[in-house]
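Encoded as structure tokens, the structure appears first; notes follow it.
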Amino acid sequence: MSPRSVPLPSGALAVYRFERFTLDLAKGCLFLDSDEVKLRPKPLEALRYMVERSGRIVSKDELTSAVWPDSFVSDNSLSQVFLEIRKALQDEDQRIIKTVSRRGYLFNVPVERVLAHPVTTQVAANDKPLPVLSSVKLPTREFKWLAGGAALLAVVIAAVFWVIASRRSSPGAPVSMAVLPFQSLVQSEPDEFLELGMADALITRLSNLRQLIVRPTSAVRIYTDRKRDPVEIGKSLKVAYVVEGSVQQKDNHIRVSIQLIGVPEGRPLWAERYDEPSGDIFAVQDAISTRVASSLALKLTGEEASRLQKKPTSDKQAFQLYLRGRYFWDRRTKEDLSKALAYFNEAIRRDPQFALAYAGAAQCYAPLIYLGVRRRDDAAIDEMRHFVGRALELDPDMADAYVSQASLRLLEWDWTGSEQSFHRAIALNPNDTLAHLWYGFLLDGLGRQEENLAERRKALELDPLSWNANAGVGGALGALGRHDEAIQHLRAAMELNPTFYFTRQNLGKEYLTIGKPDLAVVEFQAAQDLPSLGYAYALCGQKAEAERVLEQMRQNPITNSFDIAVVNVGLGRTAEALDGLEQAYRERVPWLMFIRVDGRLARLRGDPRFEAVATAMKIPKR
């Protein structure tokens with residue numbers, strides 16, 4: 001089933017710009033500079049479909065079912081259509097639209113998307129800060145802080161867009177921003193869940209809008225210092241705007257002040273104070289939905305405007321539990337992932353219709369399994385499948401649900417299905433850092449390293465200070481044989497967090513590759529990567545240490561056959577290593593997906609038993 005086009009508001013059609021071309025859907029024309037380029041209706045529709053899905057591969061089946069839903073189209077006819085399109089685009093070298101062998105077509109240049117009839121907004125003088133608005137008055141029924149938070153989100157979203165719309169130099173260009181953790185007004189009574197939860201809720205809302213590139217919660221959670229400089233933080237995060245606020249919860253009141261800061265100007269552009277008693281958790285959203293719609297509707301697609309006002313749950317306690325789950329999920333350690341899963345489950349028990357909580361729970365399983373906390377067994381897969389299915393059933397257009405589905409299919413060794421789910425997630429939310437990171441993980445196992453590096457770089461662009469994204473780029477560079485670059489990048493990444501296991505692990509692998517196992521030992525010790533540590537010890541000639549590590553691994557009931565095989569490779573025990581790989585296949589150990597690219601297994605390649613396992617995994621040779 002092909003993904004549907006994102007609807008635009010009534011009366012508005014998109015204009016797409018790329019290179020020197022403009023595709024104007026309102027006029028149904030393609031222009032080169034100011035000159036019209038003739039295209040027949042079907043090639044024009046095919047071009048539109050490709051442009052709207054720039055950056056991802058579109059299969060022939062998807063394209064034909066979308067553009068020719070009621071007709072049979074032969075491969076020759078489709079080729080003729082693309083010949084006509086390429087002639088119009090002067091793209092004989094396939095620089096703009098690339099044919100990807102046996103997979104489809106890729107629109108491979110940046111696209112700028114604007115509306116044909118944008119609304120004119122009154123522009124504030126750029127040399128004057130905007131006035132502080134009056135406090136927001138809401139219903140006085142008693143409710144918890146999250147009700148105030150929900151109202152604040154809608155108000156802030158409207159105001160942020162009003163300011164940005166009046167100041168943008170390029171109407172179609174996305175705007176980058178960061179939302180910092182809110183700060184408690186009572187220093188002696190900090191509430192970390194409240195402070196980060198307020199920011200996380202706003203980030204989640206804004207991230208659904210294609211006109212914004214919002215740094216994820218993982219990028220801002222470290223900025224809790226009361227003496228922080230939002231302008232310097234904005235520069236570090238490479239954003240144009242920063243939202244920061246303070247919050248205090250006392251009795252049944254919530255007090256919030258918030259401001260939008262322009263990073264280049266270094267001063268507040270908009271500010272608001274909020275001081276109200278609380279009422280029903282999301283009732284305030286209905287009260288201000290008209291204001292939000294009037295501020296945003298003609299700047300957003302119909303789907304975005306709808307999702308912006310959608311209530312994730314009507315149960316305020318379920319939402320608080322969900323935010324706690326997100327808090328621990330973003331920390332991404334073994335212990336915190338287990339806590340996150342528990343909170344998501346509790347949120348689901350409070351509200352069985354809470355789609356975000358199901359998606360959050362599903363996303364806990366893959367890292368728990370890959371980190372060795374949970375076995376990849378039928379029980380784990382069944383639980384994960386349940387969460388994914390419910391998330392998609394409740395909200396079939398949620399990017400988080402498709403990221404969860406992609407990770408499930410990855411664990412099921414359904415490479416094609418996993419890739420389709422990643423494509424869908426990225427189509428729904430191109431700025432989802434996790435989707436790009438985990439898609440790169442799949443591409444790495446399939447040996448498509450150029451694409452892997454592109455996805456990792458995209459994640460790093462979205463979250464420049466991410467430990468995970470930085471480590472991923474270093475690993476992708478190494479997989480392409482660019483070892484000097486990889487080592488330099490990973491050493492720089494260690495400055496962000498010298499203890500992050502993924503960075504140290506990838507650096508150790510680089511040292512192994514360039515023949516420095518003694519340096520690799522240091523990195524694997526820091527990463528607590530026992531299989532790689534035992535393997536490196538063996539290469540250093542320290543067989544007693546390697547045997548000690550191997551015995552330690554065997555004492556752990558979670559240790560899998562693949563990890564045992566890795567150490568046996570280092571010790572030169574080829575038969576035992578191959579036995580381990582065959583057992584890992586029967587156990588469906590997730591790490592086996594890297595069988596064709598894992599440098600630790602290089603000496604086994606070509607052995608008939610090794611090739612039999614790799615072939616059974618349906619991972620192509622590269």
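Labels used: A, B, ... for chains in the order of the structure tokens, numbers from 1 for residues in each chain, and numbers from 1 for ligands as shown.
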Report as number ranges by chain all protein, DNA and RNA residues lying within 10 Å of Met617 of chain A, evaluated on only C-alpha atoms, omitting residues in the same chain fewer than 6 positions from it. A: 413-415, 585, 588, 592-593, 595, 611
Could you write those residues out with C-alpha atoms, as a compact mmCIF listing (two decimals), in the first residue's frame?
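Written output follows (selection.txt):
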```txt
# COMPACT_ATOMS: atom_id res chain seq x y z
CA TRP A 413 14.66 -10.53 10.38
CA ASP A 414 12.14 -9.04 7.96
CA TRP A 415 14.60 -6.66 6.28
CA TYR A 585 20.72 -18.70 13.92
CA ARG A 588 17.51 -15.88 16.18
CA LEU A 592 23.58 -12.12 13.71
CA MET A 593 22.17 -9.53 11.30
CA ILE A 595 27.22 -11.49 9.94
CA GLU A 611 28.02 -18.93 4.05
```
For a quick check of understanding, using only C-alpha atoms, which of A:Val220, A:Val175, A:Leu442, A:Leu212 has the smallest distance to Leu196 of chain A?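 Comparing A:Val220, A:Val175, A:Leu442, A:Leu212 against Leu196 of chain A, the winner is A:Val220.
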Quick one: of A:Ser532, A:Gln211, A:Gln317, A:Thr433, who's nearest to Leu465 of chain A, counting only C-alpha atoms?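 For Leu465 of chain A, the nearest of the candidates is A:Thr433.
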